[in-house]
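Raw upload_11.csv, CSV, C-alpha atoms:
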chain,number,residue,atom,x,y,z
E,279,MET,CA,170.1,159.1,35.9
E,280,THR,CA,170.9,160.4,39.4
E,281,GLN,CA,168.2,161.9,41.6
E,282,GLN,CA,168.8,165.4,42.9
E,283,LYS,CA,169.3,165.6,46.6
E,284,ILE,CA,166.7,167.4,48.7
E,285,THR,CA,167.5,169.9,51.5
E,286,ILE,CA,166.2,169.8,55.0
E,287,PHE,CA,166.8,173.0,57.0
E,288,ILE,CA,166.9,172.6,60.8
E,289,SER,CA,166.1,175.9,62.4
E,290,HIS,CA,167.3,176.3,66.0
E,291,ALA,CA,168.4,178.7,68.7
E,292,LYS,CA,172.2,178.8,69.3
E,293,ASP,CA,171.8,177.2,72.7
E,294,ASP,CA,170.1,174.2,71.0
E,295,GLU,CA,172.8,173.5,68.5
E,296,THR,CA,173.8,170.1,70.0
E,297,LEU,CA,170.2,169.0,69.9
E,298,ALA,CA,169.9,170.2,66.3
E,299,ILE,CA,173.0,168.2,65.3
E,300,LEU,CA,171.6,165.1,67.0
E,301,LEU,CA,168.4,165.5,65.0
E,302,LYS,CA,170.4,166.0,61.8
E,303,ASP,CA,172.4,162.8,62.5
E,304,PHE,CA,169.2,160.8,63.2
E,305,LEU,CA,167.5,162.0,60.0
E,306,GLU,CA,170.6,161.5,57.8
E,307,ASN,CA,170.4,157.8,58.6
E,308,ILE,CA,166.8,157.7,57.3
E,309,PHE,CA,166.9,160.1,54.4
E,310,LEU,CA,170.0,159.0,52.5
E,311,ASN,CA,169.2,161.2,49.5
E,312,ALA,CA,169.0,164.5,51.5
E,313,ASN,CA,171.3,167.3,52.5
E,314,PHE,CA,170.7,168.7,56.0
E,315,PHE,CA,171.6,172.2,57.0
E,316,VAL,CA,172.2,173.3,60.6
E,317,SER,CA,173.6,176.9,60.3
E,318,GLY,CA,175.9,176.9,63.3
E,319,SER,CA,177.8,173.8,62.2
E,320,ASP,CA,177.3,173.9,58.4
E,321,LEU,CA,178.3,177.4,57.4
E,322,GLY,CA,181.9,177.5,56.2
E,323,GLY,CA,184.4,180.2,57.0
E,324,GLY,CA,184.3,183.2,54.7
E,325,GLU,CA,180.8,182.5,53.4
E,326,VAL,CA,178.4,185.4,53.2
E,327,TRP,CA,176.2,183.8,55.8
E,328,ILE,CA,173.0,185.7,55.1
E,329,GLU,CA,173.1,184.7,51.4
E,330,GLU,CA,173.8,181.1,52.3
E,331,LEU,CA,171.0,181.1,54.8
E,332,ARG,CA,168.6,182.6,52.1
E,333,ASP,CA,169.7,180.0,49.5
E,334,LYS,CA,169.2,177.1,51.9
E,335,LEU,CA,165.7,178.4,53.0
E,336,GLU,CA,164.6,178.9,49.4
E,337,SER,CA,165.7,175.4,48.3
E,338,ALA,CA,164.6,173.6,51.4
E,339,THR,CA,162.1,170.8,50.9
E,340,ALA,CA,161.3,171.0,54.6
E,341,ILE,CA,162.1,173.5,57.4
E,342,ILE,CA,162.1,171.9,60.8
E,343,ALA,CA,161.8,174.5,63.6
E,344,LEU,CA,163.3,173.0,66.7
E,345,ILE,CA,161.2,174.7,69.4
E,346,THR,CA,162.6,174.8,73.0
E,347,PRO,CA,162.4,177.5,75.7
E,348,TYR,CA,165.5,179.1,74.0
E,349,ALA,CA,163.9,179.0,70.6
E,350,VAL,CA,160.7,180.8,71.6
E,351,GLU,CA,162.9,183.8,72.6
E,352,ASN,CA,164.9,183.7,69.3
E,353,LYS,CA,163.6,185.8,66.4
E,354,TRP,CA,165.7,183.9,63.9
E,355,VAL,CA,163.7,180.7,64.5
E,356,TYR,CA,160.5,182.5,63.7
E,357,PHE,CA,162.1,184.1,60.7
E,358,GLU,CA,163.3,180.8,59.3
E,359,ALA,CA,160.1,178.9,60.0
E,360,GLY,CA,158.2,181.7,58.4
E,361,ALA,CA,160.2,181.3,55.2
E,362,GLY,CA,158.5,177.9,54.5
E,363,PHE,CA,155.0,178.9,55.7
E,364,ALA,CA,153.4,179.8,52.4
E,365,GLN,CA,154.6,176.6,50.7
E,366,ARG,CA,153.6,174.4,53.7
E,367,ARG,CA,157.2,173.3,54.3
E,368,SER,CA,157.6,174.4,58.0
E,369,ILE,CA,157.2,171.8,60.7
E,370,PRO,CA,157.6,172.8,64.4
E,371,LEU,CA,159.3,170.1,66.5
E,372,ILE,CA,158.8,170.8,70.2
E,373,ALA,CA,161.4,169.6,72.8
E,374,ASP,CA,162.9,170.3,76.2
E,375,GLY,CA,159.8,170.7,78.2
E,376,MET,CA,157.7,172.6,75.6
E,377,THR,CA,154.1,171.5,75.1
E,378,PHE,CA,151.6,172.3,72.4
E,379,LYS,CA,149.8,174.5,75.0
E,380,THR,CA,153.0,176.6,75.5
E,381,LEU,CA,153.8,176.9,71.8
E,382,PRO,CA,153.5,180.6,70.9
E,383,ILE,CA,151.6,182.0,67.9
E,384,PRO,CA,152.3,181.8,65.0
E,385,LEU,CA,154.0,178.5,65.5
E,386,SER,CA,151.0,177.1,67.4
E,387,LEU,CA,149.0,177.6,64.2
E,388,LEU,CA,151.0,174.9,62.5
E,389,GLN,CA,150.7,171.2,63.1
E,390,GLY,CA,153.7,170.4,65.3
E,391,ARG,CA,155.5,167.2,66.3
E,392,THR,CA,157.2,166.3,69.6
E,393,PHE,CA,160.8,165.2,70.0
E,394,ASP,CA,159.9,161.7,71.2
E,395,ILE,CA,159.5,158.3,69.5
E,396,SER,CA,156.0,158.9,68.1
E,397,GLY,CA,156.7,162.5,67.2
E,398,LEU,CA,159.9,161.6,65.3
E,399,LYS,CA,158.1,158.8,63.5
E,400,ALA,CA,155.4,161.4,62.4
E,401,LEU,CA,158.1,163.9,61.4
E,402,THR,CA,159.8,161.3,59.2
E,403,SER,CA,156.5,160.6,57.6
E,404,ASP,CA,155.9,164.4,57.1
E,405,ILE,CA,159.3,164.7,55.4
E,406,ALA,CA,158.7,161.7,53.1
E,407,ILE,CA,155.4,163.2,52.0
E,408,LEU,CA,157.1,166.5,51.2
E,409,MET,CA,159.8,164.7,49.2
E,410,VAL,CA,157.2,163.2,46.8
E,411,SER,CA,154.9,166.2,46.5

Could you write out this structure as structure tokens?
Amino acid sequence: MTQQKITIFISHAKDDETLAILLKDFLENIFLNANFFVSGSDLGGGEVWIEELRDKLESATAIIALITPYAVENKWVYFEAGAGFAQRRSIPLIADGMTFKTLPIPLSLLQGRTFDISGLKALTSDIAILMVS
């Protein structure tokens, strides 16, 4: 019997796409039984993007909100992170000079992680817990 792959949605601002892809590559090497979705690079031509986005958000085991100075100005990042809030699937990941003190509400109400060694270790643990719950 094959196990169904889980989906990890990485929410990001357009200017952070390179960082989001690096995060995706890093996590793919850890979670071999997972699909990762980064909208800027993973949407195919001709797809109805808003429907694909909704489907990925609905099926996501975890929604990682990559929070940078660009992201705090981006309404889509809040929208996408909010899609997982009720099911406790959204995890803010702060990077690029952001701190927990500068994390805006409502993202500051969630336990976040930092884009460094200890934060990525905690993030992988968070995802693993979501995979088994």

At a cut-off of 6 Å, can you tabulate as a tab-separated table every residue of stretch 339-402 of chain E near stretch 287-299 of chain E together with its closest atom pair and the distance in Å to one decimal, using only C-alpha atoms and ordering rows by chain then number?
residue	atom	partner	partner_atom	distance
E:Ile341	CA	E:Phe287	CA	4.7
E:Ile342	CA	E:Ile288	CA	4.9
E:Ala343	CA	E:Ser289	CA	4.7
E:Leu344	CA	E:His290	CA	5.2
E:Ala349	CA	E:Ala291	CA	4.9
E:Val355	CA	E:Ser289	CA	5.8

Could the residues in this selection be saved with C-alpha atoms as a PDB file, in the coordinates of the input?
ATOM      1  CA  ILE E 341     162.100 173.500  57.400  1.00  0.00           C
ATOM      2  CA  ILE E 342     162.100 171.900  60.800  1.00  0.00           C
ATOM      3  CA  ALA E 343     161.800 174.500  63.600  1.00  0.00           C
ATOM      4  CA  LEU E 344     163.300 173.000  66.700  1.00  0.00           C
ATOM      5  CA  ALA E 349     163.900 179.000  70.600  1.00  0.00           C
ATOM      6  CA  VAL E 355     163.700 180.700  64.500  1.00  0.00           C
TER       7      VAL E 355
END

Who sits within 9 Å of E:Leu331, all atoms listed in the file, same chain under 5 positions skipped, as an MDAnalysis selection string:
chainID E and resid 317 321 326 336 358

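Distances from E:Val350, E:Leu388, E:Ala340, E:Ile369 to E:Ser411 were compared using all atoms listed in the file, and the smallest one belongs to E:Ala340.
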
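Using all atoms listed in the file, the shortest contact distance between E:Thr392 and any of E:Ile407, E:Ala364, E:Ile345, E:Ala359 is found at E:Ile345.
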
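Here atom CA of E:Asp303 is placed at a distance of 12.3 Å from atom CA of E:Ser319.
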
I want to know what sits within 8 Å of stretch 381-385 of chain E, based on all atoms listed in the file, with residues of the same chain fewer than 4 positions away left out; could you give that as a ChimeraX atom specification?
/E:350,356,370,376-377

Please write as an NGL selection string the list of polymer residues whose atoms come within 6 Å of (166.2, 169.7, 49.3), counting only C-alpha atoms and keeping to the coordinates of the file.
:E and (283-286 or 337-339)

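In terms of minimum interatomic distance to E:Gln389, E:Ser368 ranks closest within E:Ser368, E:Asn307, E:Asn352, E:Thr346, counting all atoms listed in the file.
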
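The space between atom CA of E:Trp354 and atom CA of E:Met409 spans 24.9 Å.
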
I'd like the contact shell of E:Leu398 - 12 Å cut-off, all atoms listed in the file, skipping same-chain residues fewer than 5 positions apart - returned as a PyMOL selection string.
chain E and resi 301-302+304-305+308+342+344+369-373+390-393+403-405

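Atom CA of E:Ser386 is found 12.5 Å from atom CA of E:Phe363.
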
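Distances here use only C-alpha atoms; by that measure, the residue among E:Asp374, E:Glu325, E:Glu306, E:Asp333 closest to E:Thr402 is E:Glu306.
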